[in-house]
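Peer 1: Below is data_14.txt; it holds compact mmCIF, C-alpha atoms.
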# COMPACT_ATOMS: atom_id res chain seq x y z
CA MET A 1 18.54 -33.84 18.12
CA TYR A 2 19.12 -30.16 18.98
CA GLY A 3 21.07 -29.77 15.73
CA ASP A 4 18.11 -31.13 13.75
CA SER A 5 15.76 -28.61 15.29
CA GLU A 6 18.20 -25.77 14.56
CA ASN A 7 18.48 -26.92 10.93
CA LEU A 8 14.71 -27.07 10.63
CA LEU A 9 14.30 -23.65 12.23
CA SER A 10 17.01 -22.20 10.01
CA SER A 11 15.30 -23.56 6.91
CA LEU A 12 11.92 -22.22 8.01
CA ARG A 13 13.44 -18.83 8.80
CA GLU A 14 14.92 -18.71 5.31
CA GLU A 15 11.43 -19.35 3.95
CA LEU A 16 10.04 -16.55 6.13
CA ASP A 17 12.80 -14.21 4.95
CA ALA A 18 11.89 -14.95 1.32
CA VAL A 19 8.21 -14.26 2.01
CA ASP A 20 9.15 -11.05 3.83
CA ARG A 21 11.15 -9.91 0.79
CA CYS A 22 8.11 -10.59 -1.41
CA LEU A 23 5.86 -8.69 1.00
CA MET A 24 8.16 -5.68 1.05
CA ASP A 25 8.51 -5.75 -2.74
CA SER A 26 4.72 -5.91 -3.03
CA ILE A 27 4.28 -3.00 -0.63
CA ARG A 28 6.79 -0.96 -2.63
CA ASP A 29 4.94 -1.87 -5.85
CA ARG A 30 1.62 -0.88 -4.25
CA ILE A 31 3.03 2.51 -3.23
CA ASP A 32 4.49 3.00 -6.71
CA ILE A 33 1.01 2.48 -8.16
CA CYS A 34 -0.43 4.90 -5.60
CA VAL A 35 2.07 7.50 -6.83
CA ARG A 36 0.68 7.04 -10.35
CA VAL A 37 -2.89 7.22 -9.02
CA ALA A 38 -2.02 10.48 -7.27
CA ALA A 39 -0.62 11.90 -10.51
CA VAL A 40 -3.92 11.17 -12.27
CA LYS A 41 -5.91 12.65 -9.38
CA ARG A 42 -3.68 15.72 -9.46
CA GLU A 43 -3.99 16.12 -13.22
CA PHE A 44 -7.78 15.82 -13.23
CA GLU A 45 -8.29 17.56 -9.87
CA ILE A 46 -9.90 14.49 -8.29
CA PRO A 47 -10.04 14.51 -4.48
CA MET A 48 -7.47 12.29 -2.81
CA MET A 49 -9.96 10.55 -0.53
CA GLN A 50 -12.22 8.10 -2.31
CA PRO A 51 -14.27 6.46 0.48
CA GLY A 52 -15.99 4.03 -1.88
CA ARG A 53 -12.67 2.68 -3.06
CA VAL A 54 -11.39 2.40 0.52
CA GLY A 55 -14.49 0.36 1.38
CA VAL A 56 -13.91 -1.98 -1.57
CA VAL A 57 -10.30 -2.61 -0.52
CA GLN A 58 -11.26 -3.18 3.13
CA GLU A 59 -14.09 -5.55 2.22
CA ARG A 60 -11.78 -7.51 -0.09
CA ALA A 61 -9.36 -7.91 2.83
CA ARG A 62 -12.18 -9.16 5.07
CA GLU A 63 -13.34 -11.64 2.44
CA PHE A 64 -9.81 -12.89 1.91
CA ALA A 65 -9.37 -13.35 5.64
CA ARG A 66 -12.61 -15.32 5.93
CA SER A 67 -11.72 -17.50 2.92
CA ASN A 68 -8.25 -18.27 4.22
CA ASP A 69 -8.90 -18.80 7.93
CA LEU A 70 -7.13 -15.59 8.89
CA SER A 71 -8.18 -13.03 11.44
CA GLU A 72 -10.37 -10.36 9.84
CA ASP A 73 -9.19 -7.89 12.50
CA PHE A 74 -5.57 -8.61 11.65
CA LEU A 75 -5.93 -8.26 7.89
CA THR A 76 -8.13 -5.17 8.07
CA SER A 77 -5.55 -3.63 10.42
CA VAL A 78 -2.82 -4.32 7.88
CA TYR A 79 -4.92 -2.71 5.18
CA LYS A 80 -5.71 0.30 7.36
CA LEU A 81 -1.96 0.88 7.57
CA LEU A 82 -1.48 0.36 3.83
CA ILE A 83 -4.34 2.71 3.02
CA ALA A 84 -3.06 5.33 5.47
CA GLU A 85 0.35 5.27 3.83
CA ALA A 86 -1.21 5.47 0.36
CA CYS A 87 -3.23 8.50 1.47
CA ARG A 88 -0.11 10.14 2.95
CA VAL A 89 1.82 9.65 -0.28
CA GLU A 90 -1.08 10.78 -2.45
CA ASP A 91 -1.56 13.91 -0.33
CA LEU A 92 2.10 14.82 -0.73
CA ILE A 93 1.91 14.47 -4.49
CA ILE A 94 -1.47 16.10 -4.99
CA ASP A 95 -0.79 19.01 -2.65
CA SER A 96 2.74 19.66 -3.83
CA ASP A 97 1.97 20.22 -7.47
CA SER A 98 -1.74 20.63 -8.19
CA PRO A 99 -2.75 21.81 -11.67
CA THR A 100 -3.94 25.08 -10.14
CA GLN A 101 -0.57 25.60 -8.44
CA ARG A 102 1.26 24.68 -11.67
CA ALA A 103 -0.83 27.15 -13.69
CA ALA A 104 -0.15 29.90 -11.17
CA SER A 105 3.55 29.07 -11.15
CA ASP A 106 3.69 28.97 -14.96
CA ALA A 107 1.97 32.36 -15.13
CA GLN A 108 4.48 33.84 -12.71
CA HIS A 109 7.39 32.63 -14.80
CA ARG A 110 6.14 34.16 -18.05
Any chance you could give the structure as structure tokens?
Peer 2:
Amino acid sequence: MYGDSENLLSSLREELDAVDRCLMDSIRDRIDICVRVAAVKREFEIPMMQPGRVGVVQERAREFARSNDLSEDFLTSVYKLLIAEACRVEDLIIDSDSPTQRAASDAQHR
């Protein structure tokens, strides 16, 4: 009987591992898109922080939680972390090579 439970647990853990791989791939994909967003913001001198967009993403997480019997607090906490990382990455990209900084640098090298 103990062997059966170990086999069942092992199988379920393999399923969890597969879901975890998908989650991590999705997080990487999300950050990759944020890098592209930052490049557009940098090019057009758009501020990194877009509170309206943050609100849309957070509300979508709350709605998803409600619709899927998940904790709203849990899912909004996950999204707070995702958004914080997106902001960190965008700040690095926008601040490191803004169009104004590029123009100044280009002028210095002429």
Peer 1: Name the residues in contact with range 45-51 of chain A at a cut-off of 8 Å, using all atoms listed in the file, excluding same-chain residues fewer than 3 positions from it; report them as a list in words.
Peer 2: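 Near range 45-51 of chain A, the qualifying residues are Ala38, Val40, Lys41, Arg42, Val54, Gly55, Cys87, Glu90, Asp91, Ile94, Ser98 and Pro99 of chain A.
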Peer 1: Around (-6.1, -8.3, 8.7) in the file's frame, which residues reach within 10 Å when counting all atoms listed in the file? Return as number ranges by chain?
Peer 2: A: 58, 61-62, 64-66, 70-80
Peer 1: Between CA of Ile83 in chain A and CA of Val57 in chain A, what distance in Å does the model show, to one decimal?
Peer 2: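 Taking CA of Ile83 in chain A and CA of Val57 in chain A, their separation equals 8.7 Å.
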Peer 1: In Å, with one decimal, what is the gap from CA of Asp29 in chain A to CA of Phe44 in chain A?
Peer 2: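 Computing the Euclidean distance for CA of Asp29 in chain A and CA of Phe44 in chain A yields 23.0 Å.
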Peer 1: Quick check, in Å to one decimal: how far apart do CA of Arg30 in chain A and CA of Ala84 in chain A lie?
Peer 2: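 Straight-line distance from CA of Arg30 in chain A to CA of Ala84 in chain A works out to 12.4 Å.
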Peer 1: Name all residues at most 12 Å from Ile27 in chain A (count all atoms listed in the file; drop same-chain ones fewer than 4 positions away) and give them as a VMD selection string.
Peer 2: chain A and resid 20 to 23 31 to 34 78 to 79 81 to 83 85 to 86
